[in-house]
$ cat upload-v1.csv   # CSV, C-alpha atoms
chain,number,residue,atom,x,y,z
A,1,MET,CA,26.8,156.9,-31.7
A,2,LEU,CA,27.6,155.6,-35.1
A,3,PRO,CA,30.5,153.1,-34.3
A,4,TYR,CA,33.7,152.8,-36.3
A,5,GLY,CA,33.1,149.1,-36.6
A,6,ARG,CA,30.3,146.7,-35.9
A,7,GLN,CA,29.4,143.0,-36.4
A,8,SER,CA,26.8,142.0,-39.0
A,9,ILE,CA,24.6,139.2,-37.6
A,10,ALA,CA,21.9,137.6,-39.8
A,11,GLU,CA,19.2,135.0,-39.1
A,12,ASP,CA,21.4,132.3,-40.6
A,13,ASP,CA,24.0,133.1,-37.9
A,14,VAL,CA,21.3,132.8,-35.2
A,15,ARG,CA,20.1,129.5,-36.6
A,16,ALA,CA,23.6,128.1,-36.8
A,17,VAL,CA,24.3,128.9,-33.1
A,18,THR,CA,20.9,127.6,-32.0
A,19,GLU,CA,21.4,124.3,-33.8
A,20,VAL,CA,24.6,123.7,-31.8
A,21,LEU,CA,23.0,124.7,-28.5
A,22,ARG,CA,20.3,122.1,-29.1
A,23,GLY,CA,22.8,119.4,-30.1
A,24,ASP,CA,25.2,117.2,-28.2
A,25,TRP,CA,28.5,119.2,-28.5
A,26,LEU,CA,29.2,122.6,-27.1
A,27,THR,CA,32.9,122.3,-27.5
A,28,THR,CA,35.6,120.1,-29.1
A,29,GLY,CA,32.9,118.8,-31.5
A,30,PRO,CA,32.2,118.7,-35.2
A,31,ALA,CA,31.6,122.4,-35.7
A,32,VAL,CA,35.3,123.1,-34.9
A,33,GLY,CA,36.6,120.9,-37.7
A,34,LEU,CA,33.9,122.4,-40.1
A,35,PHE,CA,35.0,125.9,-39.2
A,36,GLU,CA,38.7,125.1,-39.7
A,37,SER,CA,37.8,123.5,-43.1
A,38,GLU,CA,35.8,126.5,-44.2
A,39,LEU,CA,38.6,128.8,-43.2
A,40,ALA,CA,41.1,126.8,-45.2
A,41,ARG,CA,39.1,127.6,-48.3
A,42,TRP,CA,40.2,131.2,-47.8
A,43,THR,CA,43.8,130.4,-47.2
A,44,GLY,CA,44.4,128.6,-50.4
A,45,GLY,CA,44.0,125.2,-48.7
A,46,VAL,CA,46.5,125.9,-45.9
A,47,PRO,CA,45.2,124.1,-42.9
A,48,CYS,CA,44.1,126.0,-39.8
A,49,VAL,CA,43.8,125.6,-36.1
A,50,ALA,CA,40.9,127.5,-34.4
A,51,VAL,CA,41.7,129.2,-31.0
A,52,THR,CA,40.0,131.5,-28.6
A,53,SER,CA,41.2,134.9,-29.9
A,54,GLY,CA,43.5,136.7,-32.2
A,55,THR,CA,45.9,137.2,-29.3
A,56,ALA,CA,45.8,133.4,-28.6
A,57,ALA,CA,46.5,132.9,-32.3
A,58,LEU,CA,49.7,135.0,-32.0
A,59,HIS,CA,50.8,133.2,-28.9
A,60,VAL,CA,50.3,129.9,-30.6
A,61,ALA,CA,52.1,131.0,-33.7
A,62,TYR,CA,55.2,132.1,-31.7
A,63,VAL,CA,55.1,128.6,-30.0
A,64,ALA,CA,54.9,126.9,-33.4
A,65,ALA,CA,57.8,129.1,-34.7
A,66,GLY,CA,59.9,128.0,-31.7
A,67,ALA,CA,60.4,131.6,-30.4
A,68,GLY,CA,61.7,131.8,-26.8
A,69,PRO,CA,64.4,133.1,-24.5
A,70,GLY,CA,67.4,134.3,-26.4
A,71,ASP,CA,65.5,134.8,-29.6
A,72,GLU,CA,64.5,138.1,-31.3
A,73,VAL,CA,61.2,138.8,-33.1
A,74,ILE,CA,61.1,141.7,-35.5
A,75,THR,CA,57.7,143.3,-36.0
A,76,SER,CA,55.8,146.5,-36.6
A,77,PRO,CA,54.9,149.0,-33.8
A,78,LEU,CA,51.8,150.1,-35.7
A,79,THR,CA,49.5,147.4,-34.4
A,80,PHE,CA,47.5,146.3,-31.4
A,81,VAL,CA,50.0,145.6,-28.6
A,82,ALA,CA,49.2,141.8,-28.7
A,83,THR,CA,51.4,141.3,-31.8
A,84,ALA,CA,54.5,142.2,-29.7
A,85,ALA,CA,53.2,141.2,-26.2
A,86,THR,CA,52.7,137.6,-27.1
A,87,ALA,CA,56.3,137.3,-28.3
A,88,ALA,CA,57.6,139.0,-25.1
A,89,LEU,CA,55.5,136.5,-23.1
A,90,ARG,CA,57.5,133.7,-24.8
A,91,GLY,CA,60.7,135.3,-23.5
A,92,ALA,CA,61.8,136.6,-26.9
A,93,ARG,CA,63.2,140.1,-27.3
A,94,VAL,CA,60.9,142.2,-29.5
A,95,VAL,CA,62.6,144.4,-32.1
A,96,PHE,CA,60.5,147.1,-33.7
A,97,ALA,CA,61.1,147.9,-37.3
A,98,ASP,CA,59.6,151.0,-39.0
A,99,VAL,CA,56.7,151.1,-41.4
A,100,GLN,CA,56.0,152.3,-44.9
A,101,PRO,CA,54.6,155.9,-44.7
A,102,ASP,CA,51.7,155.2,-47.1
A,103,THR,CA,50.3,151.8,-46.1
A,104,GLY,CA,51.5,151.7,-42.5
A,105,ASN,CA,52.8,148.2,-43.2
A,106,LEU,CA,56.2,146.8,-42.0
A,107,ASP,CA,59.0,148.2,-44.1
A,108,PRO,CA,61.1,145.3,-45.4
A,109,ASP,CA,64.3,147.5,-45.6
A,110,SER,CA,63.9,148.6,-42.0
A,111,ALA,CA,63.4,145.0,-40.9
A,112,ALA,CA,66.4,143.9,-42.9
A,113,ALA,CA,68.6,146.4,-41.1
A,114,LEU,CA,67.6,144.9,-37.7
A,115,VAL,CA,68.3,141.2,-38.5
A,116,THR,CA,70.9,139.5,-36.3
A,117,GLY,CA,71.9,135.9,-35.7
A,118,ARG,CA,69.2,135.7,-33.0
A,119,THR,CA,66.3,136.6,-35.3
A,120,ARG,CA,63.8,133.8,-34.9
A,121,ALA,CA,60.8,135.4,-36.6
A,122,ILE,CA,59.7,138.4,-38.6
A,123,THR,CA,56.0,139.3,-38.0
A,124,ALA,CA,54.3,141.5,-40.6
A,125,VAL,CA,50.9,143.1,-39.8
A,126,ASP,CA,48.4,143.6,-42.6
A,127,TYR,CA,47.4,147.1,-41.4
A,128,ALA,CA,43.8,148.0,-42.1
A,129,GLY,CA,43.4,144.9,-44.2
A,130,HIS,CA,46.1,145.8,-46.8
A,131,PRO,CA,48.6,142.9,-47.2
A,132,ALA,CA,52.2,143.6,-46.3
A,133,ASP,CA,54.9,143.2,-49.0
A,134,TYR,CA,55.3,139.5,-48.5
A,135,ASP,CA,57.7,138.8,-51.4
A,136,GLU,CA,60.3,141.1,-50.0
A,137,LEU,CA,59.8,139.8,-46.5
A,138,ARG,CA,60.0,136.2,-47.7
A,139,ALA,CA,63.3,136.9,-49.4
A,140,LEU,CA,64.5,138.4,-46.2
A,141,THR,CA,63.5,135.5,-44.0
A,142,ASP,CA,64.9,133.0,-46.5
A,143,ARG,CA,68.3,134.8,-46.3
A,144,CYS,CA,68.4,134.9,-42.5
A,145,GLY,CA,66.7,131.6,-41.7
A,146,ALA,CA,63.8,133.2,-39.8
A,147,VAL,CA,60.2,132.2,-39.7
A,148,LEU,CA,57.8,134.6,-41.5
A,149,ILE,CA,54.6,135.2,-39.6
A,150,GLY,CA,51.6,137.2,-41.0
A,151,ASP,CA,49.4,138.9,-38.5
A,152,ALA,CA,46.3,138.9,-40.6
A,153,ALA,CA,43.9,140.0,-37.9
A,154,HIS,CA,42.6,142.7,-40.3
A,155,SER,CA,43.0,141.0,-43.6
A,156,ILE,CA,41.0,137.7,-43.9
A,157,GLY,CA,40.1,137.3,-47.6
A,158,SER,CA,42.7,139.7,-48.8
A,159,VAL,CA,44.8,138.8,-51.9
A,160,TYR,CA,48.4,139.7,-52.7
A,161,LYS,CA,49.7,139.1,-56.2
A,162,ASP,CA,46.9,136.6,-56.9
A,163,ARG,CA,47.7,134.6,-53.7
A,164,PRO,CA,45.4,134.7,-50.6
A,165,VAL,CA,46.5,135.8,-47.2
A,166,GLY,CA,47.1,132.7,-45.3
A,167,ALA,CA,49.2,131.2,-48.0
A,168,LEU,CA,51.9,133.9,-48.0
A,169,ALA,CA,53.7,133.4,-44.6
A,170,ASP,CA,54.9,130.3,-42.8
A,171,LEU,CA,52.3,131.0,-40.1
A,172,THR,CA,49.3,133.3,-40.4
A,173,THR,CA,47.1,134.5,-37.6
A,174,PHE,CA,43.5,135.6,-37.8
A,175,SER,CA,41.1,137.4,-35.4
A,176,PHE,CA,37.4,137.1,-35.3
A,177,PHE,CA,36.6,139.9,-32.8
A,178,PRO,CA,33.2,141.6,-33.5
A,179,THR,CA,34.6,144.5,-35.4
A,180,LYS,CA,36.6,142.3,-37.8
A,181,THR,CA,35.3,141.3,-41.2
A,182,VAL,CA,34.2,137.9,-39.9
A,183,THR,CA,33.3,137.3,-36.2
A,184,THR,CA,32.9,134.4,-33.8
A,185,ALA,CA,32.2,136.9,-31.0
A,186,GLU,CA,35.7,136.1,-29.7
A,187,GLY,CA,38.0,133.9,-31.6
A,188,GLY,CA,41.1,133.4,-33.8
A,189,ALA,CA,43.0,130.9,-35.9
A,190,VAL,CA,46.5,130.0,-37.0
A,191,ALA,CA,47.2,128.8,-40.6
A,192,ALA,CA,50.3,126.7,-41.1
A,193,ALA,CA,51.4,124.8,-44.2
A,194,ASP,CA,54.2,122.9,-42.4
A,195,PRO,CA,52.7,119.7,-40.7
A,196,GLY,CA,55.1,120.0,-37.8
A,197,ARG,CA,54.2,123.6,-37.0
A,198,LEU,CA,50.5,122.8,-37.5
A,199,ALA,CA,50.8,119.9,-35.0
A,200,ARG,CA,52.6,122.1,-32.4
A,201,ALA,CA,49.9,124.7,-32.8
A,202,ALA,CA,47.1,122.2,-32.4
A,203,ARG,CA,48.7,120.6,-29.4
A,204,PHE,CA,49.5,123.8,-27.6
A,205,ARG,CA,45.9,125.0,-27.9
A,206,ASN,CA,44.8,121.9,-26.0
A,207,HIS,CA,47.1,121.9,-22.9
A,208,GLY,CA,49.8,120.1,-24.8
A,209,LEU,CA,48.0,116.8,-24.5
A,210,VAL,CA,49.3,113.8,-26.3
A,211,ARG,CA,46.5,111.2,-26.9
A,212,ASP,CA,48.0,109.1,-29.7
A,213,PRO,CA,49.6,106.0,-28.0
A,214,VAL,CA,52.2,105.9,-30.8
A,215,GLU,CA,53.5,109.2,-29.6
A,216,GLN,CA,53.2,108.6,-25.8
A,217,ARG,CA,56.2,107.7,-23.6
A,218,ASP,CA,54.2,105.3,-21.3
A,219,PRO,CA,51.1,104.3,-23.3
A,220,ASP,CA,50.2,101.0,-21.6
A,221,HIS,CA,47.5,102.3,-19.2
A,222,GLY,CA,44.2,102.2,-21.1
A,223,GLY,CA,42.0,104.3,-23.4
A,224,TRP,CA,41.8,107.1,-20.9
A,225,HIS,CA,45.6,107.8,-20.9
A,226,GLN,CA,46.9,111.1,-22.1
A,227,GLU,CA,50.3,112.8,-21.5
A,228,VAL,CA,51.8,116.3,-21.5
A,229,HIS,CA,55.2,116.5,-23.1
A,230,ASP,CA,55.4,120.3,-23.4
A,231,PHE,CA,53.2,122.8,-21.5
A,232,GLY,CA,50.2,124.2,-23.4
A,233,LEU,CA,47.1,126.2,-22.6
A,234,ASN,CA,43.4,125.9,-23.1
A,235,TYR,CA,42.8,127.9,-26.2
A,236,ARG,CA,40.0,125.8,-27.7
A,237,LEU,CA,37.3,127.6,-29.6
A,238,PRO,CA,34.0,126.1,-28.7
A,239,ASP,CA,31.5,124.6,-31.2
A,240,VAL,CA,28.9,127.3,-30.5
A,241,LEU,CA,31.3,130.0,-31.6
A,242,CYS,CA,32.7,127.9,-34.5
A,243,ALA,CA,29.1,127.5,-35.8
A,244,LEU,CA,28.8,131.3,-35.9
A,245,GLY,CA,32.1,131.5,-37.7
A,246,VAL,CA,31.0,129.0,-40.4
A,247,SER,CA,27.9,131.0,-41.1
A,248,GLN,CA,29.9,134.2,-41.2
A,249,LEU,CA,32.6,132.8,-43.6
A,250,ARG,CA,29.8,131.8,-46.0
A,251,ARG,CA,29.1,135.6,-46.3
A,252,LEU,CA,32.7,136.7,-46.5
A,253,ASP,CA,32.4,137.5,-50.2
A,254,ARG,CA,29.5,139.8,-49.5
A,255,PHE,CA,31.3,141.4,-46.6
A,256,ARG,CA,34.4,142.1,-48.7
A,257,ALA,CA,32.4,143.5,-51.5
A,258,ARG,CA,30.4,145.9,-49.4
A,259,ARG,CA,33.5,147.1,-47.5
A,260,ALA,CA,35.3,147.7,-50.9
A,261,GLU,CA,32.2,149.6,-52.1
A,262,LEU,CA,32.3,151.8,-49.0
A,263,VAL,CA,36.0,152.4,-49.4
A,264,ALA,CA,35.5,153.5,-53.0
A,265,ARG,CA,32.7,155.9,-52.0
A,266,TYR,CA,34.9,157.4,-49.3
A,267,ASN,CA,37.7,157.8,-51.8
A,268,THR,CA,35.4,159.6,-54.2
A,269,LEU,CA,33.6,161.8,-51.6
A,270,LEU,CA,36.8,162.8,-49.7
A,271,ALA,CA,39.1,163.3,-52.7
A,272,GLY,CA,40.9,166.6,-52.6
A,273,LEU,CA,39.7,167.6,-49.1
A,274,PRO,CA,42.5,169.9,-47.7
A,275,GLY,CA,44.3,168.5,-44.7
A,276,LEU,CA,43.3,164.9,-45.4
A,277,THR,CA,45.4,162.0,-46.7
A,278,LEU,CA,43.4,158.9,-47.9
A,279,PRO,CA,44.6,155.3,-47.5
A,280,ALA,CA,47.0,153.9,-50.1
A,281,GLN,CA,46.5,150.7,-52.0
A,282,ARG,CA,49.2,148.8,-54.0
A,283,PRO,CA,48.0,147.8,-57.5
A,284,TYR,CA,48.9,144.2,-56.9
A,285,THR,CA,46.6,143.8,-53.8
A,286,SER,CA,42.9,143.2,-53.2
A,287,PRO,CA,42.5,144.2,-49.6
A,288,SER,CA,39.7,143.1,-47.3
A,289,TRP,CA,39.4,146.6,-45.7
A,290,HIS,CA,39.0,146.3,-42.0
A,291,LEU,CA,39.7,150.0,-41.3
A,292,TYR,CA,39.4,153.1,-43.4
A,293,PRO,CA,42.4,155.0,-42.0
A,294,VAL,CA,42.8,158.6,-43.0
A,295,ARG,CA,45.5,161.0,-41.9
A,296,ILE,CA,44.7,164.4,-40.5
A,297,GLY,CA,47.4,167.0,-41.1
A,298,ASP,CA,48.4,170.2,-39.4
A,299,GLY,CA,48.3,168.7,-35.9
A,300,ARG,CA,44.5,168.6,-35.9
A,301,ARG,CA,43.9,164.9,-35.3
A,302,ARG,CA,42.8,165.3,-31.7
A,303,GLU,CA,40.5,168.2,-32.5
A,304,VAL,CA,38.9,166.3,-35.4
A,305,TYR,CA,38.5,163.2,-33.2
A,306,GLU,CA,36.8,165.0,-30.4
A,307,ARG,CA,34.5,167.0,-32.7
A,308,MET,CA,33.5,164.0,-34.7
A,309,ARG,CA,32.7,162.0,-31.6
A,310,ALA,CA,30.8,164.9,-30.1
A,311,ALA,CA,28.6,164.8,-33.3
A,312,GLY,CA,27.8,161.1,-32.7
A,313,ILE,CA,30.3,159.7,-35.1
A,314,GLY,CA,32.5,157.1,-33.5
A,315,VAL,CA,35.9,157.6,-35.2
A,316,GLN,CA,38.8,155.8,-33.6
A,317,VAL,CA,42.6,155.9,-33.5
A,318,ASN,CA,44.6,152.7,-34.5
A,319,TYR,CA,47.1,152.4,-32.9
A,320,LEU,CA,49.3,153.8,-30.2
A,321,PRO,CA,52.9,152.6,-31.2
A,322,ALA,CA,53.3,149.4,-29.3
A,323,TYR,CA,56.6,150.4,-27.6
A,324,TRP,CA,54.9,153.6,-26.2
A,325,HIS,CA,53.0,151.4,-23.8
A,326,PRO,CA,54.5,151.7,-20.3
A,327,VAL,CA,55.2,147.9,-20.2
A,328,PHE,CA,57.6,148.3,-23.0
A,329,GLU,CA,58.9,151.7,-21.7
A,330,ASP,CA,59.8,149.8,-18.5
A,331,LEU,CA,61.8,147.3,-20.6
A,332,GLY,CA,63.9,150.2,-21.9
A,333,TYR,CA,62.2,151.0,-25.2
A,334,ARG,CA,62.1,154.8,-26.0
A,335,ARG,CA,60.1,157.0,-28.2
A,336,GLY,CA,61.7,158.0,-31.5
A,337,LEU,CA,62.6,154.4,-32.3
A,338,CYS,CA,60.4,154.3,-35.5
A,339,PRO,CA,59.9,157.8,-36.8
A,340,ALA,CA,57.6,156.8,-39.7
A,341,ALA,CA,55.3,154.8,-37.4
A,342,GLU,CA,55.1,157.6,-34.9
A,343,ALA,CA,54.3,160.2,-37.6
A,344,TYR,CA,51.6,157.9,-39.0
A,345,TYR,CA,50.1,157.5,-35.5
A,346,ALA,CA,50.2,161.3,-34.9
A,347,GLU,CA,47.8,161.8,-37.8
A,348,GLN,CA,45.8,158.5,-38.1
A,349,LEU,CA,42.0,158.4,-37.7
A,350,SER,CA,39.7,155.5,-38.6
A,351,LEU,CA,36.3,156.5,-40.1
A,352,PRO,CA,33.3,154.2,-39.7
A,353,LEU,CA,33.5,151.1,-41.9
A,354,PHE,CA,31.3,148.0,-41.6
A,355,PRO,CA,29.0,146.1,-44.0
A,356,ASP,CA,25.8,147.4,-42.6
A,357,LEU,CA,26.9,151.0,-42.9
A,358,THR,CA,24.4,152.7,-45.2
A,359,ASP,CA,25.2,155.2,-47.9
A,360,ALA,CA,23.2,157.8,-45.9
A,361,GLU,CA,25.2,157.2,-42.8
A,362,GLN,CA,28.4,157.4,-44.8
A,363,ASP,CA,27.3,160.6,-46.3
A,364,ARG,CA,26.7,161.9,-42.8
A,365,VAL,CA,30.3,161.0,-41.8
A,366,VAL,CA,31.7,162.8,-44.9
A,367,GLU,CA,29.6,165.9,-44.4
A,368,ARG,CA,30.6,166.2,-40.8
A,369,LEU,CA,34.3,165.6,-41.5
A,370,THR,CA,34.3,168.1,-44.3
A,371,ALA,CA,32.7,170.7,-42.1
A,372,VAL,CA,35.2,170.1,-39.3
A,373,LEU,CA,38.2,170.3,-41.6
A,374,ALA,CA,36.8,173.5,-43.2
$ encode --input "upload-v1.csv" --output "structure tokens"
Amino acid sequence: MLPYGRQSIAEDDVRAVTEVLRGDWLTTGPAVGLFESELARWTGGVPCVAVTSGTAALHVAYVAAGAGPGDEVITSPLTFVATAATAALRGARVVFADVQPDTGNLDPDSAAALVTGRTRAITAVDYAGHPADYDELRALTDRCGAVLIGDAAHSIGSVYKDRPVGALADLTTFSFFPTKTVTTAEGGAVAAADPGRLARAARFRNHGLVRDPVEQRDPDHGGWHQEVHDFGLNYRLPDVLCALGVSQLRRLDRFRARRAELVARYNTLLAGLPGLTLPAQRPYTSPSWHLYPVRIGDGRRREVYERMRAAGIGVQVNYLPAYWHPVFEDLGYRRGLCPAAEAYYAEQLSLPLFPDLTDAEQDRVVERLTAVLA
């Protein structure tokens, strides 16, 4: 089966991990700080906190934003459920805004219509790696006093109007799952320019521990003393995975270039194919394409999905609208809430896209898709 996404592991990655395994630190050591520094090179210098997954990054971001009971978080339903679930786990009410029909990104006008006095955060999702319209969303959060969060699980390295993802929102979250552009096997990170939010993020990912005597309430016990002022969790990303991440980040330019090359080939090879809509790209963006999301018209998406997979081509659907999950249905959310997102989902299909995909393999995908649609 040709997968829709796959990690790219080189000998440099293996050597980086082996070096840590032979060293003194497996976790909370120097590789963590090095990884965070390397990542900040891609966020325009905005400092980062490494965590155990993209889901953990979202959870930490909502903590840093101060989202909790009585608050509302506006976000897109066209995303993996964690974008909304982590806000709900904080006790906030999730409010789903619709998406733009072409990019699948959060529609700023739809979000604006849902703002209330309880809106604590607006979370954009850079669907497929294409940055959301951050200028419009920033103007909205400035008006209503909300925190702007960017779910950049798909978009590390992407650029919006000459600014890197990571420097566009108040808080930006990344994912390093194996199918993502850069992997740490499992892992994530939060970027935050505001020192207070960054400190809250760093503390929450380490049980909420306070080790600096200046900040402690009862410091006169000895060098071992540490306190918890607010509850946190163990979301520490270990050195062995951070070492893999450092090695991967040093190839991010190559990963981006190959993905862009494959997207351009798909665009050329599939242009004009009846029943198929290709992904849109705004002229002021440079996406790091995580997915190649096409839309299959005429109600044929399921047929095409099944026939492609039967032919050994691992296409995928991304994603079930978040509020269609039974957990949100049980909370009172109903279908029909975001018509554009539901229409996008009904037709969406992700074709294989990863740096090691060969031209010959891509040709096979195109030939088979063409035959199915014909």
$ closest_residue --input "upload-v1.csv" --among "A:Ala61, A:Ala360, A:Val214, A:Leu209" --to "Ala152 in chain A" --atoms "all atoms listed in the file"
A:Ala61
$ residues_around --input "upload-v1.csv" --residues "range 277-282 of chain A" --least-positions-apart "5" --cutoff "10 Å" --atoms "all atoms listed in the file" --output "ChimeraX atom specification"
/A:101-104,128,130-133,160-161,263,266-267,270-272,287,291-297,347-348
$ atom_distance --input "upload-v1.csv" --atom1 "CA of Ser53 in chain A" --atom2 "CA of Gly245 in chain A"
12.5 Å
$ residues_around --input "upload-v1.csv" --residues "Thr52 in chain A" --least-positions-apart "3" --cutoff "6 Å" --atoms "all atoms listed in the file" --output "list in words"
Gly187, Gly188, Tyr235, Arg236 and Leu237 of chain A
$ closest_residue --input "upload-v1.csv" --among "A:Val159, A:Leu233, A:Ala340, A:Val240" --to "Val32 in chain A" --atoms "only C-alpha atoms"
A:Val240
$ residues_around --input "upload-v1.csv" --residues "Ala167 in chain A" --least-positions-apart "6" --cutoff "10 Å" --atoms "only C-alpha atoms" --output "PyMOL selection string"
chain A and resi 40+42-47+150+159-160+191-193
$ closest_atom_pairs --input "upload-v1.csv" --of "range 177-274 of chain A" --to "range 5-8 of chain A" --cutoff "9 Å" --atoms "all atoms listed in the file" --output "Markdown table"
| residue | atom | partner | partner_atom | distance |
| --- | --- | --- | --- | --- |
| A:Phe177 | CA | A:Gln7 | CA | 8.6 |
| A:Pro178 | CA | A:Gln7 | CA | 5.0 |
| A:Thr179 | CA | A:Arg6 | CA | 4.9 |
| A:Lys180 | CA | A:Gln7 | CA | 7.4 |
| A:Thr181 | CA | A:Gln7 | CA | 7.8 |
| A:Val182 | CA | A:Gln7 | CA | 7.8 |
| A:Thr183 | CA | A:Gln7 | CA | 6.9 |
| A:Ala185 | CA | A:Gln7 | CA | 8.6 |
| A:Gln248 | CA | A:Ser8 | CA | 8.7 |
| A:Phe255 | CA | A:Ser8 | CA | 8.9 |
$ closest_residue --input "upload-v1.csv" --among "A:Thr55, A:Ser247, A:Thr79, A:Ser350" --to "His325 in chain A" --atoms "all atoms listed in the file"
A:Thr79
$ residues_around --input "upload-v1.csv" --residues "range 83-94 of chain A" --least-positions-apart "2" --cutoff "7 Å" --atoms "only C-alpha atoms" --output "VMD selection string"
chain A and resid 58 to 59 62 67 to 74 79 to 81 96
$ atom_distance --input "upload-v1.csv" --atom1 "CA of Leu351 in chain A" --atom2 "CA of Ala169 in chain A"
29.3 Å
$ closest_residue --input "upload-v1.csv" --among "A:Pro77, A:Gly117, A:Gly166, A:Gly66" --to "Leu337 in chain A" --atoms "all atoms listed in the file"
A:Pro77
$ atom_distance --input "upload-v1.csv" --atom1 "CA of Arg334 in chain A" --atom2 "CA of Ser110 in chain A"
17.3 Å
$ closest_residue --input "upload-v1.csv" --among "A:Gln362, A:Thr184, A:Thr123, A:Ser155" --to "Leu244 in chain A" --atoms "all atoms listed in the file"
A:Thr184
$ residues_around --input "upload-v1.csv" --residues "Leu148 in chain A" --least-positions-apart "6" --cutoff "6 Å" --atoms "only C-alpha atoms" --output "number ranges by chain"
A: 121-122, 169-170
$ write_last_selection --input "upload-v1.csv" --atoms "C-alpha atoms" --output "mmCIF file, keeping the file's coordinate frame"
data_model
loop_
_atom_site.group_PDB
_atom_site.id
_atom_site.type_symbol
_atom_site.label_atom_id
_atom_site.label_comp_id
_atom_site.auth_asym_id
_atom_site.auth_seq_id
_atom_site.Cartn_x
_atom_site.Cartn_y
_atom_site.Cartn_z
ATOM 1 C CA ALA A 121 60.800 135.400 -36.600
ATOM 2 C CA ILE A 122 59.700 138.400 -38.600
ATOM 3 C CA ALA A 169 53.700 133.400 -44.600
ATOM 4 C CA ASP A 170 54.900 130.300 -42.800
#
$ closest_residue --input "upload-v1.csv" --among "A:Val366, A:Leu34, A:Ala65, A:Leu168" --to "Leu262 in chain A" --atoms "only C-alpha atoms"
A:Val366
$ residues_near_point --input "upload-v1.csv" --point "(27.4, 161.5, -30.9)" --cutoff "12 Å" --atoms "only C-alpha atoms" --output "JSON, numbers by chain"
{"A": [1, 2, 3, 305, 306, 307, 308, 309, 310, 311, 312, 313, 314, 315, 364, 365, 368]}
